[in-house]
file final-v9.txt (compact mmCIF, C-alpha atoms (C1' of nucleotides))
# COMPACT_ATOMS: atom_id res chain seq x y z
CA MET W 794 90.10 100.35 93.14
CA ARG W 795 92.46 98.58 95.54
CA ILE W 796 96.05 99.79 95.19
CA ALA W 797 98.92 98.07 96.99
CA THR W 798 102.56 98.92 97.61
CA PHE W 799 104.90 96.01 98.30
CA ASN W 800 108.70 96.04 98.53
CA ILE W 801 109.24 92.50 97.28
CA ASN W 802 113.03 92.32 97.91
CA GLY W 803 113.91 90.34 94.81
CA VAL W 804 110.95 89.34 92.64
CA ARG W 805 112.61 86.19 91.31
CA ALA W 806 113.31 84.88 94.79
CA ARG W 807 109.77 85.83 95.78
CA ILE W 808 107.65 84.70 92.85
CA GLU W 809 105.99 81.89 94.81
CA ALA W 810 105.11 84.11 97.77
CA LEU W 811 104.03 86.95 95.48
CA SER W 812 101.78 84.70 93.41
CA ALA W 813 100.11 83.29 96.52
CA TRP W 814 99.46 86.78 97.88
CA LEU W 815 98.08 88.06 94.55
CA LYS W 816 95.67 85.13 94.38
CA GLU W 817 94.24 85.73 97.82
CA ALA W 818 94.36 89.54 98.03
CA GLU W 819 93.36 90.20 94.42
CA PRO W 820 94.53 93.83 94.38
CA ASP W 821 93.66 95.83 91.25
CA VAL W 822 97.04 97.58 91.19
CA VAL W 823 100.37 96.63 92.77
CA CYS W 824 103.47 98.82 93.06
CA LEU W 825 106.50 96.57 93.51
CA GLN W 826 109.88 97.86 94.68
CA GLU W 827 113.29 96.21 94.74
CA ILE W 828 112.53 93.75 91.96
CA LYS W 829 116.34 93.45 91.67
CA THR W 830 116.32 92.38 88.04
CA VAL W 831 116.53 93.78 84.55
CA ASP W 832 113.23 93.96 82.67
CA GLU W 833 114.00 90.74 80.78
CA GLY W 834 114.43 88.85 84.06
CA PHE W 835 111.01 89.75 85.44
CA PRO W 836 108.82 86.63 85.82
CA ALA W 837 106.12 88.14 83.63
CA GLY W 838 104.51 84.86 82.62
CA ASP W 839 103.65 83.87 86.18
CA ILE W 840 102.09 87.28 86.89
CA GLU W 841 100.23 87.54 83.59
CA ALA W 842 98.74 84.11 84.27
CA LEU W 843 97.05 85.68 87.31
CA GLY W 844 95.41 88.30 85.14
CA TYR W 845 97.82 91.23 85.46
CA ASN W 846 99.29 93.65 82.97
CA ILE W 847 102.88 94.59 83.77
CA ALA W 848 105.23 97.54 83.33
CA THR W 849 108.77 97.34 84.67
CA HIS W 850 111.68 99.68 85.19
CA GLY W 851 114.42 97.26 86.08
CA GLN W 852 118.10 97.33 86.92
CA LYS W 853 120.72 94.62 87.27
CA GLY W 854 121.05 93.40 90.83
CA PHE W 855 119.63 96.36 92.71
CA ASN W 856 116.59 98.59 92.94
CA GLY W 857 114.01 98.24 90.16
CA VAL W 858 110.27 98.94 90.28
CA ALA W 859 107.20 97.49 88.57
CA ILE W 860 103.49 98.23 88.29
CA LEU W 861 100.94 95.42 87.98
CA SER W 862 97.34 96.15 87.04
CA LYS W 863 94.34 94.02 86.21
CA ARG W 864 93.24 96.69 83.75
CA PRO W 865 95.48 97.64 80.81
CA PHE W 866 97.22 100.96 81.43
CA GLU W 867 99.60 103.53 80.01
CA VAL W 868 103.10 104.18 81.34
CA GLU W 869 103.73 107.90 81.76
CA ARG W 870 107.41 107.84 82.69
CA ARG W 871 110.29 105.66 83.80
CA GLY W 872 112.76 107.37 86.11
CA LEU W 873 112.30 110.36 88.39
CA PRO W 874 112.81 113.68 86.57
CA GLY W 875 115.34 116.25 87.71
CA ASP W 876 118.69 114.52 87.12
CA ASP W 877 119.50 113.02 83.71
CA ALA W 878 122.70 111.51 85.12
CA ASP W 879 120.81 109.39 87.69
CA GLN W 880 121.06 105.77 86.54
CA GLN W 881 119.20 104.15 89.43
CA ALA W 882 115.82 102.56 88.60
CA ARG W 883 113.62 103.88 91.41
CA TYR W 884 110.51 105.38 89.82
CA ILE W 885 107.78 104.45 87.36
CA GLU W 886 104.49 106.26 86.79
CA ALA W 887 101.31 105.15 85.06
CA VAL W 888 97.69 106.14 84.60
CA ILE W 889 95.32 103.33 85.57
CA PRO W 890 91.71 103.38 84.32
CA GLY W 891 89.05 102.91 86.99
CA GLU W 892 85.31 102.48 86.98
CA ASP W 893 83.18 105.12 85.20
CA GLY W 894 86.27 106.54 83.52
CA ARG W 895 87.70 107.58 86.90
CA ALA W 896 91.40 107.07 86.43
CA VAL W 897 94.17 107.16 89.02
CA ARG W 898 97.70 108.31 88.30
CA VAL W 899 100.07 106.04 90.20
CA GLY W 900 103.68 106.93 90.90
CA ASN W 901 105.63 103.96 92.24
CA LEU W 902 108.83 104.91 94.06
CA TYR W 903 111.74 103.26 95.81
CA LEU W 904 113.35 106.06 97.77
CA PRO W 905 117.08 105.68 98.49
CA ASN W 906 118.00 104.16 101.84
CA GLY W 907 120.74 106.74 102.42
CA ASN W 908 122.86 104.91 104.98
CA PRO W 909 125.31 105.62 106.36
CA ILE W 910 124.57 109.25 107.20
CA GLY W 911 127.28 111.76 106.36
CA THR W 912 128.17 110.02 103.09
CA GLU W 913 127.33 110.64 99.44
CA LYS W 914 124.57 108.06 99.85
CA PHE W 915 122.78 110.27 102.33
CA ALA W 916 123.29 113.31 100.12
CA TYR W 917 121.81 111.33 97.19
CA LYS W 918 118.80 110.44 99.33
CA LEU W 919 118.11 114.06 100.23
CA ALA W 920 118.59 115.22 96.65
CA TRP W 921 116.25 112.47 95.48
CA MET W 922 113.63 113.62 97.99
CA ASP W 923 113.97 117.17 96.66
CA ARG W 924 113.38 115.88 93.13
CA LEU W 925 110.37 113.89 94.35
CA HIS W 926 108.99 117.02 95.97
CA ALA W 927 109.31 118.99 92.74
CA HIS W 928 107.65 116.24 90.71
CA ALA W 929 104.90 115.76 93.29
CA ALA W 930 104.15 119.49 93.06
CA GLU W 931 103.86 119.25 89.27
CA LEU W 932 101.46 116.33 89.59
CA LEU W 933 99.27 118.26 92.03
CA ALA W 934 98.85 120.97 89.43
CA LEU W 935 97.16 118.41 87.15
CA ASP W 936 94.18 118.28 89.56
CA GLU W 937 94.02 114.51 89.23
CA ALA W 938 93.66 111.63 91.64
CA VAL W 939 97.34 110.83 92.26
CA VAL W 940 98.79 108.09 94.45
CA LEU W 941 102.51 108.22 95.18
CA ALA W 942 103.10 104.76 96.59
CA GLY W 943 106.23 102.98 97.64
CA ASP W 944 109.08 102.33 100.01
CA TYR W 945 109.93 105.83 101.24
CA ASN W 946 112.74 104.69 103.55
CA VAL W 947 111.48 107.26 106.05
CA ILE W 948 110.30 106.77 109.63
CA PRO W 949 108.11 109.89 109.90
CA GLU W 950 107.48 109.88 113.66
CA PRO W 951 108.51 107.98 116.82
CA ARG W 952 105.17 106.17 116.85
CA ASP W 953 106.17 104.63 113.49
CA ALA W 954 108.90 102.55 115.16
CA LYS W 955 108.79 100.01 117.97
CA ARG W 956 112.17 101.31 119.21
CA PRO W 957 112.67 104.85 117.90
CA GLU W 958 115.87 105.17 119.94
CA ALA W 959 117.46 102.46 117.80
CA TRP W 960 117.08 104.64 114.67
CA VAL W 961 118.51 107.91 115.95
CA TYR W 962 121.72 107.50 113.89
CA ASP W 963 119.95 105.97 110.89
CA ALA W 964 119.27 107.79 107.61
CA LEU W 965 115.58 106.82 107.82
CA PHE W 966 115.03 108.86 110.98
CA GLN W 967 117.20 111.95 110.44
CA PRO W 968 115.60 115.39 110.82
CA GLU W 969 116.50 116.23 107.19
CA THR W 970 114.78 113.05 106.00
CA ARG W 971 111.69 113.49 108.12
CA GLY W 972 111.46 117.17 107.24
CA ARG W 973 111.38 116.39 103.53
CA PHE W 974 108.66 113.79 104.11
CA ARG W 975 106.60 116.32 106.07
CA ALA W 976 107.04 118.76 103.21
CA LEU W 977 105.18 116.32 100.95
CA SER W 978 102.27 116.43 103.38
CA ALA W 979 102.47 120.21 103.47
CA LEU W 980 102.22 120.24 99.68
CA GLY W 981 98.85 118.55 99.97
CA TYR W 982 99.49 114.81 100.01
CA THR W 983 97.77 112.64 102.62
CA ASP W 984 99.41 109.60 104.22
CA ALA W 985 96.57 107.16 103.53
CA LEU W 986 97.09 105.08 106.66
CA ARG W 987 97.17 108.16 108.90
CA ALA W 988 93.90 109.28 107.34
CA VAL W 989 92.23 106.23 108.86
CA SER W 990 94.25 105.60 112.04
CA ASP W 991 96.30 107.52 114.62
CA ASP W 992 97.57 104.31 116.21
CA GLY W 993 101.21 103.56 116.85
CA GLY W 994 102.51 100.04 116.45
CA LEU W 995 101.51 99.82 112.79
CA TYR W 996 104.55 98.65 110.85
CA SER W 997 105.37 97.61 107.28
CA PHE W 998 108.98 96.38 107.69
CA TRP W 999 110.74 94.05 110.07
CA ASP W 1000 114.44 93.27 109.72
CA TYR W 1001 115.45 89.67 108.97
CA GLN W 1002 117.96 89.85 111.81
CA ALA W 1003 117.64 89.17 115.52
CA GLY W 1004 114.07 87.85 115.32
CA ALA W 1005 112.69 91.32 114.70
CA PHE W 1006 109.29 90.11 113.47
CA GLN W 1007 108.80 87.75 116.39
CA LYS W 1008 109.36 90.72 118.72
CA ASN W 1009 107.27 93.01 116.50
CA ASP W 1010 110.38 95.21 116.31
CA GLY W 1011 109.21 96.97 113.17
CA ILE W 1012 109.02 100.32 111.42
CA ARG W 1013 106.46 101.92 109.09
CA ILE W 1014 108.26 103.08 105.96
CA ASP W 1015 105.88 102.07 103.13
CA PHE W 1016 103.25 104.65 102.25
CA LEU W 1017 100.51 105.58 99.86
CA MET W 1018 100.47 109.35 99.61
CA LEU W 1019 97.24 110.73 98.15
CA SER W 1020 96.49 113.92 96.26
CA PRO W 1021 93.30 115.67 97.46
CA GLN W 1022 91.30 114.11 94.61
CA ALA W 1023 92.53 110.65 95.63
CA ALA W 1024 92.07 111.29 99.36
CA ASP W 1025 88.43 112.19 98.71
CA ARG W 1026 87.95 108.68 97.35
CA LEU W 1027 89.73 106.83 100.21
CA GLU W 1028 87.68 104.09 101.87
CA ARG W 1029 90.12 101.98 103.85
CA VAL W 1030 93.75 101.00 104.37
CA VAL W 1031 95.05 97.56 105.30
CA ILE W 1032 98.53 96.31 106.20
CA ASP W 1033 98.87 92.63 105.28
CA LYS W 1034 101.06 91.85 108.28
CA ASP W 1035 100.54 88.08 108.20
CA VAL W 1036 102.51 87.91 104.94
CA ARG W 1037 105.69 88.56 106.95
CA GLY W 1038 105.25 85.32 108.91
CA ARG W 1039 105.14 83.01 105.88
CA ASP W 1040 107.87 80.99 104.14
CA LYS W 1041 110.62 82.99 102.42
CA PRO W 1042 109.00 86.36 103.11
CA SER W 1043 110.15 89.77 101.99
CA ASP W 1044 111.23 91.94 104.90
CA HIS W 1045 108.36 94.30 103.93
CA VAL W 1046 104.62 93.55 103.77
CA PRO W 1047 101.94 94.92 101.44
CA VAL W 1048 99.99 98.06 102.33
CA ILE W 1049 96.68 98.36 100.46
CA ALA W 1050 94.44 101.39 100.03
CA THR W 1051 90.91 101.14 98.67
CA LEU W 1052 89.68 104.08 96.60
CA ARG W 1053 86.11 104.47 95.39
CA GLY W 1054 85.75 103.90 91.66
C1' DA X 1214 125.67 102.52 118.04
C1' DT X 1215 128.60 97.24 114.91
C1' DG X 1216 125.52 92.15 115.75
C1' DG X 1217 122.53 89.70 113.25
C1' DT X 1218 120.00 87.75 107.92
C1' DT X 1219 118.77 87.79 103.07
C1' DG X 1220 119.17 88.50 97.75
C1' DG X 1221 122.05 89.10 93.75
C1' DT X 1222 126.17 88.59 91.96
C1' DA X 1223 130.53 86.84 91.65
C1' DG X 1224 134.11 87.26 95.25
C1' DC X 1225 131.33 91.46 98.77
C1' DC X 1226 127.65 95.01 98.42
C1' DA X 1227 123.14 96.79 99.73
C1' DA X 1228 119.67 96.67 102.86

call {"tool": "encode", "arguments": {"input": "final-v9.txt", "output": "C-alpha cells"}}
result
Amino acid sequence: MRIATFNINGVRARIEALSAWLKEAEPDVVCLQEIKTVDEGFPAGDIEALGYNIATHGQKGFNGVAILSKRPFEVERRGLPGDDADQQARYIEAVIPGEDGRAVRVGNLYLPNGNPIGTEKFAYKLAWMDRLHAHAAELLALDEAVVLAGDYNVIPEPRDAKRPEAWVYDALFQPETRGRFRALSALGYTDALRAVSDDGGLYSFWDYQAGAFQKNDGIRIDFLMLSPQAADRLERVVIDKDVRGRDKPSDHVPVIATLRG
DNA sequence: ATGGTTGGTAGCCAA
C-alpha cells in the first residue's frame, strides 16, 4: 500500500496539478492538508473520476483535510480529540483496507503553524501537539498498523533545513515544538523517511518567495509517522520533489511511503 | 530577524 501526504494549499486552485500527479503516481491513499474549502466545495467529481473514494473535513477559507483512497474505507473520526471548543478542521482518521485483510489506520493531520512565537497562536500549536500526543498514545494501545501523516509544521533537526539559522525565531524550529515532536518518536512512532535515510538536504516545502525552490532553500516538515506494526511493513519512502517545479505548484510536495500489504 | 509570493475571501489574513 502506497500512502502519500500532500499539503495541497487550496484544492480548488490545485485541482489540475493534483489530478496530473494522481494519474502518474497512482498512490493508494492520499492525505491532503489545507484544502481550504468546506466539504461541499471539494472537487469530488474530478477525484472520483480517477478512481478514488473521498472523505473530507473541511472549513471555510482555511485549514481543512481530506483522505483519498482507491479502496472504500471507513472514517473513524473528524477533529482531534481533547478540546470540544476547537473549531479548526485539522484532523481526520480512517481505517483503510489493504491486501489479505491487512488494514492500516491513517490519521491525517494539519498541525498549527504557530507563528508568531509568544502569541496565542504558538500556545495553540503547543496545546494541539499535546492533544496529538495523547491521541497517538491511545492509538498505539490498539496494536494496529497506524500512520500519522501530514504537515507537522515542525523542523525536527538542523539537517531538515537548508538554512537552519533562518528559522531560529520561527515557531517551526522552537525547542518546545521540536521537543514535542521528539516525544512522538519516544512514544514509539518512526519517522518513515528517517527509517530509510540519514541524509540532510531532503525537503518537502519551499517558500513561494525569493526563489526558494530555485535555491533549494527548503525545509522538511511533512512526515509519515509509523506505529511499530506499520514500521515493520515499511519498504520505501519517496519525496516527489519535481512536483514543486511545475505550473501552479503547492509550496509543499508529496511524500510517499510504501507499506507491504 | 520584516522582504518577498500565493490562496481565499472580501477589503486583509494566514502561511

call {"tool": "atom_distance", "arguments": {"input": "final-v9.txt", "atom1": "CA of Arg1053 in chain W", "atom2": "CA of Ile885 in chain W"}}
result
23.1 Å

call {"tool": "atom_distance", "arguments": {"input": "final-v9.txt", "atom1": "CA of Gly1011 in chain W", "atom2": "CA of Val1048 in chain W"}}
result
14.3 Å

call {"tool": "atom_distance", "arguments": {"input": "final-v9.txt", "atom1": "CA of Leu1019 in chain W", "atom2": "CA of Ala938 in chain W"}}
result
7.5 Å

call {"tool": "interface_residues", "arguments": {"input": "final-v9.txt", "of": "chain X", "to": "chain W", "cutoff": "6 Å", "atoms": "all atoms listed in the file", "output": "list in words"}}
result
DG1217, DT1218 and DG1221 of chain X

call {"tool": "axis_aligned_box", "arguments": {"input": "final-v9.txt", "around": "chain X", "padding_each_side": "6 Å", "output": "JSON"}}
result
{"center_x": 126.4, "center_y": 94.7, "center_z": 104.8, "size_x": 27.3, "size_y": 27.7, "size_z": 38.4}
